[in-house]
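Structure data follow from target00.cif (mmCIF, C-alpha atoms and all ligand atoms):
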```
data_input
#
loop_
_atom_site.label_atom_id
_atom_site.label_comp_id
_atom_site.auth_asym_id
_atom_site.auth_seq_id
_atom_site.Cartn_x
_atom_site.Cartn_y
_atom_site.Cartn_z
CA MET A 1 0.00 0.00 0.00
CA ASN A 2 1.33 3.40 -0.95
CA ARG A 3 1.00 5.32 2.26
CA ASP A 4 3.48 7.04 4.57
CA PRO A 5 3.16 5.14 7.86
CA VAL A 6 4.69 7.99 9.86
CA ALA A 7 3.09 11.00 8.16
CA PHE A 8 1.06 11.59 11.32
CA LEU A 9 4.20 12.67 13.20
CA LYS A 10 4.56 15.88 11.24
CA GLU A 11 0.80 16.36 10.86
CA ASP A 12 0.14 16.15 14.58
CA MET A 13 2.96 18.54 15.36
CA THR A 14 1.66 21.02 12.79
CA GLU A 15 -1.73 20.87 14.51
CA LEU A 16 -0.16 21.48 17.92
CA ARG A 17 1.83 24.45 16.62
CA LYS A 18 -1.25 25.96 15.02
CA SER A 19 -3.12 25.76 18.31
CA ASN A 20 -0.24 27.39 20.23
CA LEU A 21 0.16 24.24 22.30
CA GLU A 22 3.67 23.17 21.41
CA TRP A 23 6.22 22.72 24.21
CA ILE A 24 9.54 24.28 23.38
CA ILE A 25 12.36 22.99 25.54
CA ARG A 26 14.71 25.57 26.98
CA TYR A 27 18.11 24.42 28.19
CA LEU A 28 19.69 25.34 31.52
CA GLU A 29 23.40 26.03 31.35
CA GLY A 30 24.29 25.32 34.96
CA GLY A 31 22.40 24.45 38.12
CA SER A 32 18.69 24.82 38.69
CA LYS A 33 18.52 27.83 41.01
CA PRO A 34 16.82 31.25 40.98
CA HIS A 35 19.67 32.99 39.12
CA CYS A 36 20.36 30.68 36.23
CA ILE A 37 21.35 30.71 32.59
CA VAL A 38 18.74 29.53 30.14
CA ASN A 39 19.46 29.43 26.41
CA GLY A 40 22.49 31.66 27.01
CA LYS A 41 20.56 34.29 28.96
CA GLU A 42 20.66 35.04 32.69
CA VAL A 43 17.15 34.90 34.07
CA LEU A 44 15.31 34.78 37.37
CA MET A 45 13.68 31.37 37.55
CA LEU A 46 10.19 31.23 39.02
CA ASN A 47 9.02 27.89 37.71
CA THR A 48 10.65 24.91 39.37
CA ASN A 49 9.45 22.41 41.95
CA ASN A 50 12.78 22.76 43.73
CA TYR A 51 10.95 24.73 46.44
CA LEU A 52 13.64 24.54 49.10
CA GLY A 53 16.52 25.21 46.71
CA LEU A 54 18.10 21.88 47.66
CA ALA A 55 19.01 20.83 44.10
CA THR A 56 22.24 22.80 44.52
CA HIS A 57 22.79 22.43 48.27
CA PRO A 58 26.51 21.80 48.93
CA LYS A 59 25.97 18.99 51.47
CA ILE A 60 23.65 17.16 49.07
CA ILE A 61 26.02 17.58 46.13
CA GLN A 62 28.90 16.30 48.27
CA ALA A 63 26.91 13.24 49.37
CA SER A 64 26.25 12.44 45.73
CA ILE A 65 29.94 12.79 44.81
CA ASP A 66 31.13 10.68 47.73
CA ALA A 67 28.68 7.87 46.99
CA THR A 68 29.47 7.92 43.28
CA LYS A 69 33.18 7.55 44.07
CA LYS A 70 32.54 4.68 46.47
CA TYR A 71 29.77 2.83 44.62
CA GLY A 72 30.06 3.89 40.98
CA ALA A 73 27.74 5.59 38.54
CA GLY A 74 24.98 3.08 37.96
CA ALA A 75 22.93 0.54 39.89
CA GLY A 76 23.31 -2.28 37.38
CA ALA A 77 19.96 -3.92 37.99
CA VAL A 78 16.38 -3.52 39.09
CA PRO A 79 16.06 -3.24 42.89
CA VAL A 80 14.75 -6.79 43.44
CA ILE A 81 17.61 -8.40 41.52
CA ALA A 82 20.83 -6.64 42.43
CA GLY A 83 20.15 -2.90 42.33
CA SER A 84 19.57 -2.16 46.02
CA PHE A 85 22.43 -0.87 48.16
CA ASP A 86 22.92 -0.50 51.89
CA LEU A 87 22.36 3.17 51.05
CA THR A 88 18.89 2.34 49.76
CA ARG A 89 18.04 0.59 53.02
CA GLU A 90 19.37 3.58 54.96
CA PHE A 91 17.25 5.95 52.88
CA GLN A 92 14.10 3.89 53.34
CA GLU A 93 14.54 3.64 57.12
CA LYS A 94 15.27 7.34 57.42
CA PHE A 95 12.38 8.35 55.20
CA ALA A 96 9.91 6.11 57.09
CA LYS A 97 10.98 7.70 60.36
CA TYR A 98 10.70 11.16 58.84
CA LYS A 99 7.18 10.45 57.56
CA GLU A 100 6.18 8.74 60.84
CA VAL A 101 5.17 5.50 59.13
CA GLU A 102 6.30 1.89 59.59
CA ALA A 103 8.15 1.58 56.30
CA SER A 104 8.95 3.21 52.98
CA LEU A 105 10.19 2.26 49.54
CA LEU A 106 12.36 4.24 47.15
CA CYS A 107 10.87 3.79 43.68
CA GLN A 108 12.04 5.01 40.31
CA THR A 109 9.83 8.12 40.10
CA GLY A 110 6.56 9.50 41.40
CA PHE A 111 5.04 8.69 38.05
CA ALA A 112 6.24 5.09 38.33
CA VAL A 113 4.67 4.78 41.79
CA ASN A 114 1.27 5.70 40.39
CA SER A 115 1.48 3.69 37.21
CA GLY A 116 2.99 0.64 38.92
CA LEU A 117 1.28 0.47 42.30
CA ILE A 118 -2.29 1.68 41.66
CA PRO A 119 -3.03 -1.21 39.22
CA MET A 120 -1.99 -3.67 41.95
CA LEU A 121 -4.05 -2.06 44.72
CA VAL A 122 -7.23 -2.11 42.65
CA GLY A 123 -8.51 -4.10 39.70
CA LYS A 124 -11.66 -4.94 37.77
CA PRO A 125 -13.92 -5.73 40.78
CA ASP A 126 -13.02 -2.43 42.47
CA ILE A 127 -13.95 1.25 42.35
CA VAL A 128 -11.59 4.19 42.44
CA VAL A 129 -13.07 7.49 43.55
CA SER A 130 -10.81 10.20 42.18
CA ASP A 131 -10.67 14.01 42.47
CA GLU A 132 -11.41 15.60 39.10
CA LEU A 133 -8.10 17.50 39.07
CA ASN A 134 -5.79 14.61 39.95
CA HIS A 135 -2.39 14.39 38.28
CA GLY A 136 -2.11 12.61 34.92
CA SER A 137 0.03 9.83 36.38
CA ILE A 138 -2.83 8.90 38.73
CA ILE A 139 -5.21 8.86 35.79
CA ASP A 140 -2.86 6.55 33.90
CA GLY A 141 -2.45 4.25 36.92
CA VAL A 142 -6.20 3.97 37.33
CA ARG A 143 -6.66 3.26 33.61
CA LEU A 144 -4.10 0.47 33.78
CA SER A 145 -5.88 -1.04 36.77
CA GLY A 146 -9.11 -1.70 34.89
CA ALA A 147 -11.03 -0.61 38.02
CA LYS A 148 -14.17 1.45 37.61
CA ARG A 149 -13.29 5.13 37.93
CA VAL A 150 -15.68 7.59 39.50
CA ILE A 151 -14.78 11.27 39.55
CA TYR A 152 -15.81 13.58 42.38
CA LYS A 153 -15.92 17.35 42.05
CA HIS A 154 -12.67 19.03 42.99
CA ARG A 155 -12.26 18.98 46.79
CA ASP A 156 -16.02 18.54 47.21
CA ILE A 157 -16.67 16.35 50.25
CA SER A 158 -20.41 16.04 49.80
CA ASP A 159 -19.93 14.91 46.21
CA LEU A 160 -17.28 12.47 47.42
CA GLU A 161 -19.73 11.12 50.00
CA ASN A 162 -22.44 10.68 47.34
CA GLN A 163 -20.03 8.83 45.08
CA LEU A 164 -19.01 6.58 47.96
CA LYS A 165 -22.64 5.77 48.72
CA GLU A 166 -23.17 4.79 45.09
CA ALA A 167 -19.98 2.73 45.10
CA GLU A 168 -21.09 0.90 48.22
CA LYS A 169 -24.45 0.04 46.65
CA GLY A 170 -22.65 -1.38 43.60
CA GLY A 171 -20.96 -4.01 45.81
CA ALA A 172 -17.36 -3.25 44.86
CA ARG A 173 -14.70 -5.52 46.37
CA ARG A 174 -12.54 -2.54 47.34
CA ILE A 175 -13.13 1.19 47.28
CA CYS A 176 -10.11 3.44 46.95
CA ILE A 177 -10.15 7.23 47.25
CA ILE A 178 -7.27 8.86 45.40
CA THR A 179 -6.26 12.49 45.62
CA ASP A 180 -3.29 14.74 45.08
CA GLY A 181 -2.14 16.29 48.37
CA VAL A 182 -1.36 19.63 46.72
CA PHE A 183 -2.81 20.21 43.26
CA SER A 184 -0.02 21.24 40.98
CA MET A 185 -1.79 23.71 38.70
CA ASP A 186 -3.70 25.68 41.35
CA GLY A 187 -1.59 25.17 44.46
CA ASP A 188 -4.60 24.27 46.58
CA MET A 189 -4.73 21.40 49.07
CA ALA A 190 -6.94 18.35 49.37
CA PRO A 191 -9.21 18.59 52.45
CA LEU A 192 -7.52 15.46 53.71
CA ASP A 193 -8.91 15.61 57.25
CA LYS A 194 -12.45 15.49 55.91
CA ILE A 195 -11.58 12.88 53.28
CA VAL A 196 -10.16 10.60 55.99
CA ASN A 197 -13.30 10.94 58.11
CA VAL A 198 -15.56 10.06 55.19
CA ALA A 199 -13.29 7.21 54.06
CA GLU A 200 -13.41 5.66 57.51
CA ASP A 201 -17.22 5.66 57.42
CA PHE A 202 -17.14 3.67 54.18
CA GLY A 203 -14.15 1.43 54.84
CA ALA A 204 -12.40 2.97 51.85
CA MET A 205 -8.65 2.84 51.23
CA ILE A 206 -6.98 6.27 50.95
CA PHE A 207 -4.17 6.96 48.49
CA VAL A 208 -2.61 10.42 48.68
CA ASP A 209 -0.10 11.58 46.10
CA ASP A 210 1.86 14.20 48.01
CA CYS A 211 4.52 15.08 45.43
CA HIS A 212 4.04 18.85 45.86
CA GLY A 213 3.30 18.69 49.60
CA GLU A 214 6.49 17.00 50.76
CA GLY A 215 9.20 19.48 51.65
CA VAL A 216 6.59 22.22 51.93
CA LEU A 217 3.60 21.33 54.15
CA GLY A 218 3.77 20.07 57.74
CA ASP A 219 7.32 21.45 58.28
CA GLY A 220 8.37 19.53 55.18
CA LYS A 221 6.80 16.21 56.18
CA GLY A 222 3.82 16.64 53.88
CA ILE A 223 0.07 16.90 53.99
CA VAL A 224 -0.52 13.99 56.40
CA ALA A 225 1.59 15.73 59.06
CA HIS A 226 -0.03 19.08 58.18
CA PHE A 227 -3.43 17.67 59.19
CA ASN A 228 -2.07 15.40 61.98
CA LEU A 229 -3.40 12.30 60.25
CA GLN A 230 -0.44 9.98 60.88
CA GLY A 231 -1.58 6.35 60.87
CA ARG A 232 -4.89 7.07 59.15
CA VAL A 233 -3.79 7.31 55.49
CA HIS A 234 -3.11 3.93 53.93
CA VAL A 235 -0.86 4.85 51.01
CA GLU A 236 1.30 7.95 50.60
CA GLY A 237 2.98 8.38 47.25
CA GLY A 238 5.63 11.06 46.89
CA SER A 239 8.62 12.31 44.99
CA MET A 240 12.16 13.22 46.05
CA SER A 241 12.37 15.31 42.87
CA LYS A 242 10.43 18.35 44.07
CA GLY A 243 10.77 19.89 47.53
CA PHE A 244 13.69 17.58 48.32
CA GLY A 245 15.49 18.72 45.17
CA VAL A 246 16.91 15.35 44.10
CA PHE A 247 15.17 12.46 42.35
CA GLY A 248 12.94 9.44 42.87
CA GLY A 249 9.48 8.27 43.83
CA THR A 250 8.49 7.15 47.30
CA VAL A 251 5.82 5.02 48.91
CA ALA A 252 5.22 5.41 52.64
CA GLY A 253 2.89 3.40 54.85
CA SER A 254 2.59 0.10 56.72
CA LYS A 255 5.10 -2.76 56.52
CA ASP A 256 2.39 -4.77 54.74
CA LEU A 257 2.03 -2.07 52.09
CA ILE A 258 5.77 -1.86 51.46
CA GLU A 259 6.17 -5.65 51.16
CA PHE A 260 3.21 -5.73 48.79
CA CYS A 261 4.61 -2.90 46.68
CA THR A 262 8.10 -4.46 46.61
CA ASN A 263 6.66 -7.69 45.24
CA LYS A 264 3.92 -6.42 42.97
CA SER A 265 4.44 -2.93 41.55
CA ARG A 266 5.45 -3.56 37.96
CA THR A 267 7.46 -0.37 37.58
CA TYR A 268 9.40 -1.23 40.76
CA LEU A 269 10.00 -4.79 39.55
CA LEU A 270 10.93 -3.99 35.97
CA SER A 271 12.81 -0.68 35.96
CA THR A 272 16.43 -0.14 37.03
CA ALA A 273 17.21 1.19 40.50
CA HIS A 274 18.62 4.67 41.06
CA PRO A 275 22.33 5.33 40.75
CA PRO A 276 23.92 5.25 44.25
CA GLY A 277 24.77 8.97 44.01
CA VAL A 278 21.08 9.73 43.76
CA VAL A 279 20.23 7.56 46.75
CA ALA A 280 22.94 9.22 48.87
CA ALA A 281 21.76 12.67 47.80
CA ASN A 282 18.22 11.73 48.83
CA ILE A 283 19.49 10.71 52.28
CA ALA A 284 21.40 13.98 52.62
CA SER A 285 18.35 15.94 51.52
CA ILE A 286 16.21 14.57 54.36
CA GLU A 287 19.03 15.36 56.79
CA VAL A 288 19.19 18.93 55.50
CA VAL A 289 15.44 19.47 55.77
CA GLU A 290 15.54 18.17 59.36
CA SER A 291 18.61 20.09 60.49
CA GLU A 292 18.09 23.36 58.57
CA PRO A 293 14.50 24.50 59.12
CA GLN A 294 15.28 27.88 57.55
CA HIS A 295 14.57 26.58 54.03
CA VAL A 296 10.95 25.65 54.71
CA LYS A 297 10.51 28.89 56.65
CA ALA A 298 11.92 30.96 53.76
CA VAL A 299 9.73 29.42 51.09
CA TRP A 300 6.61 30.23 53.13
CA GLU A 301 7.75 33.80 53.87
CA HIS A 302 8.31 34.37 50.16
CA THR A 303 4.96 32.78 49.35
CA ASN A 304 3.02 35.03 51.70
CA TYR A 305 4.79 38.18 50.54
CA PHE A 306 4.62 37.47 46.80
CA LYS A 307 0.99 36.37 46.85
CA LYS A 308 -0.12 39.44 48.79
CA GLU A 309 1.73 41.73 46.37
CA VAL A 310 0.42 40.19 43.12
CA GLN A 311 -3.10 40.12 44.54
CA SER A 312 -2.90 43.80 45.41
CA MET A 313 -1.84 44.54 41.81
CA GLY A 314 -5.09 42.90 40.72
CA TYR A 315 -3.91 39.45 39.64
CA ASP A 316 -6.21 36.50 40.22
CA THR A 317 -4.27 33.81 42.10
CA GLY A 318 -7.21 31.42 42.24
CA ARG A 319 -7.27 28.94 45.12
CA SER A 320 -3.55 28.98 45.89
CA GLU A 321 -2.65 27.95 49.45
CA THR A 322 0.95 26.90 48.88
CA PRO A 323 4.15 28.12 47.14
CA ILE A 324 2.45 27.34 43.81
CA ILE A 325 0.97 30.71 42.82
CA PRO A 326 -0.95 30.82 39.53
CA LEU A 327 -1.49 34.17 37.83
CA ILE A 328 -4.74 33.33 36.08
CA ILE A 329 -5.08 35.26 32.84
CA GLY A 330 -7.87 33.45 31.01
CA ASP A 331 -7.03 33.71 27.33
CA PRO A 332 -4.24 31.25 26.31
CA GLY A 333 -2.68 33.64 23.79
CA LYS A 334 -2.41 36.37 26.41
CA ALA A 335 -0.92 34.02 29.01
CA GLN A 336 1.69 32.98 26.47
CA GLU A 337 2.36 36.59 25.53
CA LEU A 338 2.85 37.55 29.19
CA ALA A 339 5.32 34.69 29.67
CA ARG A 340 7.14 35.55 26.44
CA ILE A 341 7.61 39.24 27.26
CA LEU A 342 8.64 38.46 30.83
CA PHE A 343 11.28 36.08 29.53
CA GLU A 344 12.55 38.06 26.55
CA GLU A 345 12.39 41.61 27.88
CA GLU A 346 12.44 41.25 31.64
CA ASN A 347 14.56 38.10 32.12
CA ILE A 348 11.89 36.50 34.27
CA TYR A 349 11.28 32.82 33.66
CA GLY A 350 7.70 31.71 34.37
CA THR A 351 5.78 29.00 32.55
CA PRO A 352 2.53 29.58 30.67
CA ILE A 353 0.08 26.80 31.48
CA VAL A 354 -2.61 26.23 28.90
CA PHE A 355 -4.98 23.50 27.71
CA PRO A 356 -4.89 20.52 28.22
CA MET A 357 -3.23 21.09 31.58
CA VAL A 358 -5.93 23.55 32.58
CA ALA A 359 -9.23 24.56 31.02
CA ARG A 360 -8.76 26.93 28.05
CA GLU A 361 -10.42 29.85 29.81
CA LEU A 362 -8.19 29.43 32.86
CA SER A 363 -4.85 29.82 31.06
CA ARG A 364 -2.20 31.15 33.35
CA ILE A 365 1.40 31.66 34.29
CA ARG A 366 2.34 29.41 37.15
CA VAL A 367 4.81 30.95 39.57
CA GLN A 368 6.53 28.81 42.17
CA MET A 369 8.45 30.14 45.14
CA ASN A 370 11.95 29.05 46.02
CA ALA A 371 13.75 29.38 49.36
CA LEU A 372 16.86 30.75 47.64
CA LEU A 373 15.08 33.82 46.23
CA THR A 374 15.98 37.07 48.00
CA LYS A 375 13.67 39.96 48.83
CA ASP A 376 15.40 41.90 46.01
CA ASP A 377 14.68 39.06 43.57
CA LEU A 378 11.04 39.05 44.59
CA ASN A 379 10.76 42.80 44.17
CA THR A 380 12.43 42.67 40.76
CA ALA A 381 10.01 39.96 39.65
CA LEU A 382 7.03 41.82 41.07
CA SER A 383 7.83 45.06 39.31
CA SER A 384 8.27 43.26 35.97
CA ILE A 385 5.04 41.33 36.46
CA GLU A 386 3.21 44.56 37.23
CA LYS A 387 4.72 46.43 34.27
CA VAL A 388 3.99 43.75 31.67
CA GLY A 389 0.58 42.95 33.17
CA LYS A 390 -0.43 46.59 32.71
CA LYS A 391 1.00 46.74 29.21
CA LEU A 392 -1.10 43.73 28.20
CA ASP A 393 -4.20 45.06 29.98
CA ILE A 394 -4.31 42.09 32.32
CA ILE A 395 -4.37 44.20 35.47
C1 LIG B 1 5.34 15.56 39.81
C2 LIG B 1 4.23 14.69 40.15
C3 LIG B 1 4.32 13.33 39.92
C4 LIG B 1 5.50 12.70 39.23
O1 LIG B 1 6.61 12.64 40.09
P1 LIG B 1 8.06 12.37 39.44
O2 LIG B 1 8.90 11.93 40.59
O3 LIG B 1 8.51 13.64 38.82
O4 LIG B 1 7.85 11.29 38.43
C5 LIG B 1 3.26 12.54 40.32
N1 LIG B 1 2.17 13.07 40.93
C6 LIG B 1 2.08 14.39 41.18
C7 LIG B 1 0.87 14.92 41.88
C8 LIG B 1 3.09 15.24 40.79
O5 LIG B 1 2.98 16.54 41.01
#
```
Could you quickly redo this structure as structure tokens?
Amino acid sequence: MNRDPVAFLKEDMTELRKSNLEWIIRYLEGGSKPHCIVNGKEVLMLNTNNYLGLATHPKIIQASIDATKKYGAGAGAVPVIAGSFDLTREFQEKFAKYKEVEASLLCQTGFAVNSGLIPMLVGKPDIVVSDELNHGSIIDGVRLSGAKRVIYKHRDISDLENQLKEAEKGGARRICIITDGVFSMDGDMAPLDKIVNVAEDFGAMIFVDDCHGEGVLGDGKGIVAHFNLQGRVHVEGGSMSKGFGVFGGTVAGSKDLIEFCTNKSRTYLLSTAHPPGVVAANIASIEVVESEPQHVKAVWEHTNYFKKEVQSMGYDTGRSETPIIPLIIGDPGKAQELARILFEEENIYGTPIVFPMVARELSRIRVQMNALLTKDDLNTALSSIEKVGKKLDII
């Protein structure tokens, strides 16, 4: 047959470009920190998940170097075959203690936790009740599980309760409530205290994905500590790649959960373990968060100051309750224009977020605070954001 089997590659990309939805990768020339060089240009970075600035912390870098020298560059195998080190065990014990749970597991990534573990926790005879704004990796994990998926309105407890009642009537084998801890596009939090109360009434399992909460909420321990719910949340998924500034997914919970995950999660079983340098850096990162509380304190001080200032200029920051501060613009073209001018003329690096990550009419720039920003940096960013916002008639 005379057809081009890969013609769709170019066609699809042309479509994306036409709709202003293409991602263009910019390259960092040096470390990920507020003053950084991107595509040859020095900019102020306001768009990373490295909330505490730990990606470039000297103690963490040193731990990575030392472990790499001692253990080498790669793990050589998946964790269950020969890829786990004494360092991995040390990390898992330390992290469990930090999270106030019985046990933890270092997995490849946060994405791999969701896509590998969720399909083992639930299957065809089960129902997953999921917040409508949950992260894409949760959605993928639930799809792979084959379980019935029911969506409840964002953070809406009475809708959640109704969905649970329906699920109970349907006679599901297991019911699992899944929610992000902190929602990454809006920076709002799951009402986890209320979710736990409702879940307990229905005997539902609770899975919280706290990738953006760890390092930030509950003095860095995450959303479960924030609400004092230790021992009442069955599965906590997380990531060492955000607040902790390094890399890797985590599962925290009971010993039973960790043994189950070790033996069943397909991503854990089938994907190579982290290089030892990464594991050692993760250990050092927890030690830094515990011994240097100034980083968590700084990110919250910056958050409160910056949010108050942009709100008083007239920006809509939506439901933000955390260091994720969206500047909601509405029109996608305008959001992109704001980001472009800030980057090109003002040397401020913020990311436009458009469909499909958010609804078209809620296009925005997402700003994220970082402990390493100074008051001067914040004021520089604020004056640029005000100037360009006025120029584009946004405020
Ligand atoms: C970032 C994120 C992930 C993915 O974590 P990685 O470690 O980067 O793979 C999963 N879930 C949520 C809610 C996230 O924000």
All residues within 7 Å of ligand LIG 1 (chain B) are required, counting only C-alpha atoms and all ligand atoms; please report them as a list in words.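 Those within range of ligand LIG 1 (chain B) are Thr109, Gly110, Phe111, Ala112, Asn134, His135, Ser137, Ile138, Asp180, Phe183, Ser184, Asp209, Asp210, Cys211, His212, Ser239, Met240, Ser241, Phe247, Gly248 and Gly249 of chain A.
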Export of the given selection (C-alpha atoms) as an mmCIF file, in the coordinates of the input:
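Result file follows (again25.cif):
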```cif
data_model
loop_
_atom_site.group_PDB
_atom_site.id
_atom_site.type_symbol
_atom_site.label_atom_id
_atom_site.label_comp_id
_atom_site.auth_asym_id
_atom_site.auth_seq_id
_atom_site.Cartn_x
_atom_site.Cartn_y
_atom_site.Cartn_z
ATOM 1 C CA THR A 109 9.830 8.120 40.100
ATOM 2 C CA GLY A 110 6.560 9.500 41.400
ATOM 3 C CA PHE A 111 5.040 8.690 38.050
ATOM 4 C CA ALA A 112 6.240 5.090 38.330
ATOM 5 C CA ASN A 134 -5.790 14.610 39.950
ATOM 6 C CA HIS A 135 -2.390 14.390 38.280
ATOM 7 C CA SER A 137 0.030 9.830 36.380
ATOM 8 C CA ILE A 138 -2.830 8.900 38.730
ATOM 9 C CA ASP A 180 -3.290 14.740 45.080
ATOM 10 C CA PHE A 183 -2.810 20.210 43.260
ATOM 11 C CA SER A 184 -0.020 21.240 40.980
ATOM 12 C CA ASP A 209 -0.100 11.580 46.100
ATOM 13 C CA ASP A 210 1.860 14.200 48.010
ATOM 14 C CA CYS A 211 4.520 15.080 45.430
ATOM 15 C CA HIS A 212 4.040 18.850 45.860
ATOM 16 C CA SER A 239 8.620 12.310 44.990
ATOM 17 C CA MET A 240 12.160 13.220 46.050
ATOM 18 C CA SER A 241 12.370 15.310 42.870
ATOM 19 C CA PHE A 247 15.170 12.460 42.350
ATOM 20 C CA GLY A 248 12.940 9.440 42.870
ATOM 21 C CA GLY A 249 9.480 8.270 43.830
#
```
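What separates atom CA of A:Val278 from atom CA of A:Lys69 is a distance of 12.3 Å.
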Of A:Pro125, A:Gly213, A:Pro356, A:Pro293, the one nearest to A:Gly170 when counting all atoms listed in the file is A:Pro125
Counting all atoms listed in the file, figure out which residue out of A:Ile341, A:Ile37, A:Leu44, A:Leu270 gets nearest to A:Asn379.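 Once distances to A:Asn379 are computed over all atoms listed in the file, the minimum belongs to A:Leu44.
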Interatomic distance between atom CA of A:Tyr71 and atom CA of A:Leu257? 29.1 Å
Need the shell around A:Tyr315: protein/DNA/RNA residues with any atom at most 9 Å away, counting all atoms listed in the file. Skip same-chain ones fewer than 5 positions apart. Format as number ranges by chain? A: 310, 327-329, 389, 394-395
My list of candidates is A:Leu121, A:Leu372, A:Leu9, A:Ile127. Which is closest to A:Gln294 when distances are computed with all atoms listed in the file? A:Leu372
d(atom CA of A:Asp193, atom CA of A:Phe227) in Å: 6.2 Å
Within 7 Å of (15.8, 28.5, 38.9) (coordinates as in the file), grab all the protein and nucleic acid residues, counting all atoms listed in the file, and write them out as a count of residues only. 10
Residue nearest A:Asn39 - candidates A:His295, A:Lys334, A:Lys70, A:Arg26, atoms counted: all atoms listed in the file: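 Of A:His295, A:Lys334, A:Lys70, A:Arg26, the one nearest A:Asn39 is A:Arg26, counting all atoms listed in the file.
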Residue neighbourhood A:Asp156, 10 Å, only C-alpha atoms, exclusion window fewer than 4 positions, as JSON, numbers by chain: {"A": [131, 132, 152, 160, 161, 190, 191, 194, 195]}
